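Scroll down for the structure; my scribbles are underneath it.
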Amino acid sequence: MANLRASEGKLHWGELAKEVVQKVEVGQVFKIATKKSEGSALKGKVGDVLVAKKAMTLDAEDTVRIFTLSKVCSTTNVTKSWSKSKQDVTTQCDEVKAYVEGEYAEGTGNIEGFWNNGSKVQQVVMSKFQPIVSWENDEPQTVKPVTGSLHFFLTRGTEETGITLEYMPLIIDSLTTDKPLEGVQSFNFAYTIDGKQRPTLIENVGALVIAGE
């Protein structure tokens, strides 16, 4: 197995379409919206996030919502840590402590980078903490904050080595920015993985459709 270089890991921002569709192209990432009870072409549960390995035209009861993925060019580092709870079940007859593994895992981490005024991702993250007004045609427009978790995707590898796609739905916990006397303004936001959105690791996804590539 080939060792992966740091440059072979990329963070992507995913915008989930509101409308449902019944046609999926090769390499598109999608979330299952509805699924018929028997004979469905969709392999997974409602709410699962998958990658199309081939083009599909779905039956009437099968619908999906498509993600538009774009590379987050302002990012410099992504950290992630998983943990699981455990219960102490030690009794007086045990010679060493005994534990039972808990059912739930928790993922947390940080995303770091530099501010880029043209970044939609940074605008969305910042709107979680304070109002943002944008001027369009000489008129002030308040940016509507995105509610709920944000959809991020982490890719590792290349088409030659095999691409792994990790779906990371995030809840933003905190945001730290820094503007030194000289240099660029950096940011660091802490996050928690949102288990309700079904975070998923998908291996050997093949080609991916990325906006601008």
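Ligands are numbered from 1 in the order shown, residues from 1 within each chain, and chains are lettered A, B, ... in the order they appear in the structure tokens.
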DSSP-assigned strand (DSSP E) members of region 15-59 of chain A, reported as a list in words: Glu15, Leu16, Lys23, Val24, Val29, Phe30, Lys31, Ile32, Ala33, Thr34, Val49, Leu50, Val51, Met56 and Thr57 of chain A
Selection: 9 Å around region 105-122 of chain A, only C-alpha atoms, excl. self and same-chain fewer than 2 positions, as an NGL selection string: :A and (13 or 72-85 or 102-103 or 124-127 or 170 or 177 or 184-195)
Keeping only C-alpha atoms, write the selected residues to a file as a CSV table (one decimal), in the first residue's frame.
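What landed in out-v8.csv:
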chain,number,residue,atom,x,y,z
A,13,TRP,CA,-17.2,22.1,1.3
A,72,VAL,CA,-11.6,24.8,0.5
A,73,CYS,CA,-8.4,26.5,-0.8
A,74,SER,CA,-7.9,28.7,2.3
A,75,THR,CA,-7.4,25.7,4.6
A,76,THR,CA,-4.0,24.7,5.9
A,77,ASN,CA,-4.7,22.0,8.5
A,78,VAL,CA,-7.5,19.7,9.6
A,79,THR,CA,-7.4,17.7,12.8
A,80,LYS,CA,-9.9,15.1,14.0
A,81,SER,CA,-10.0,12.9,17.1
A,82,TRP,CA,-12.5,10.1,17.9
A,83,SER,CA,-13.4,8.9,21.4
A,84,LYS,CA,-15.8,6.4,22.9
A,85,SER,CA,-17.3,6.3,26.4
A,102,GLY,CA,-20.0,2.4,25.4
A,103,GLU,CA,-22.2,2.5,22.3
A,124,VAL,CA,-21.0,30.7,6.4
A,125,VAL,CA,-18.9,29.9,9.4
A,126,MET,CA,-18.7,33.6,10.5
A,127,SER,CA,-22.4,34.0,10.2
A,170,LEU,CA,-19.9,19.5,11.5
A,177,THR,CA,-9.2,34.6,14.4
A,184,VAL,CA,-2.3,37.5,6.8
A,185,GLN,CA,-5.3,36.9,9.2
A,186,SER,CA,-5.6,33.3,10.3
A,187,PHE,CA,-8.6,31.4,11.6
A,188,ASN,CA,-9.2,28.3,13.6
A,189,PHE,CA,-12.6,26.8,14.3
A,190,ALA,CA,-13.4,23.9,16.6
A,191,TYR,CA,-16.0,21.4,15.6
A,192,THR,CA,-18.0,18.4,16.7
A,193,ILE,CA,-19.1,15.7,14.3
A,194,ASP,CA,-22.9,15.6,14.0
A,195,GLY,CA,-23.9,11.9,14.3
Selection: 12 Å around region 164-166 of chain A, only C-alpha atoms, excl. self and same-chain fewer than 6 positions, as a PyMOL selection string: chain A and resi 4+8-14+27-29+49-51+69+80+151-158+193+198-208
Interatomic distance, CA of Leu175 (chain A) to CA of Pro145 (chain A) (Å, one decimal):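 So the two atoms, CA of Leu175 (chain A) and CA of Pro145 (chain A), lie 15.0 Å apart.
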For Val143 (chain A), please output as a compact mmCIF listing (two decimals) with N, CA and C atoms, in the first residue's frame all residues within 8 Å (counting only C-alpha atoms; exclusion window: fewer than 2 positions along the same chain).
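result.txt, freshly written:
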# COMPACT_ATOMS: atom_id res chain seq x y z
N SER A 127 -21.04 33.64 9.95
CA SER A 127 -22.44 34.01 10.17
C SER A 127 -23.05 33.24 11.34
N PRO A 131 -23.82 38.85 12.79
CA PRO A 131 -24.48 39.22 11.53
C PRO A 131 -23.45 39.67 10.50
N ILE A 132 -23.71 39.38 9.24
CA ILE A 132 -22.85 39.80 8.14
C ILE A 132 -23.70 40.57 7.13
N VAL A 133 -23.24 41.76 6.78
CA VAL A 133 -23.93 42.58 5.77
C VAL A 133 -23.03 42.68 4.54
N SER A 134 -23.60 42.34 3.38
CA SER A 134 -22.87 42.39 2.13
C SER A 134 -23.53 43.41 1.21
N GLN A 141 -27.20 43.94 2.02
CA GLN A 141 -27.92 42.67 2.10
C GLN A 141 -27.38 41.88 3.29
N PRO A 145 -27.81 33.42 8.06
CA PRO A 145 -26.96 32.35 8.59
C PRO A 145 -27.51 30.96 8.26
Surrounding residues of Glu61 (chain A) excluding itself and chain neighbours under 5 positions, 12 Å, only C-alpha atoms, as a count of residues only: 15
For Thr57 (chain A): contacts at 8 Å, only C-alpha atoms, fewer than 2 positions along chain excluded, given as a ChimeraX atom specification: /A:22-24,55,59
Written selection (C-alpha atoms) as a tab-separated table (two decimals), in the first residue's frame:
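Result file follows (again-v6.tsv):
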chain	number	residue	atom	x	y	z
A	22	GLN	CA	-33.89	10.91	-9.87
A	23	LYS	CA	-30.79	11.11	-12.05
A	24	VAL	CA	-27.22	10.78	-10.78
A	55	ALA	CA	-24.77	6.86	-13.86
A	59	ASP	CA	-37.52	4.75	-10.27
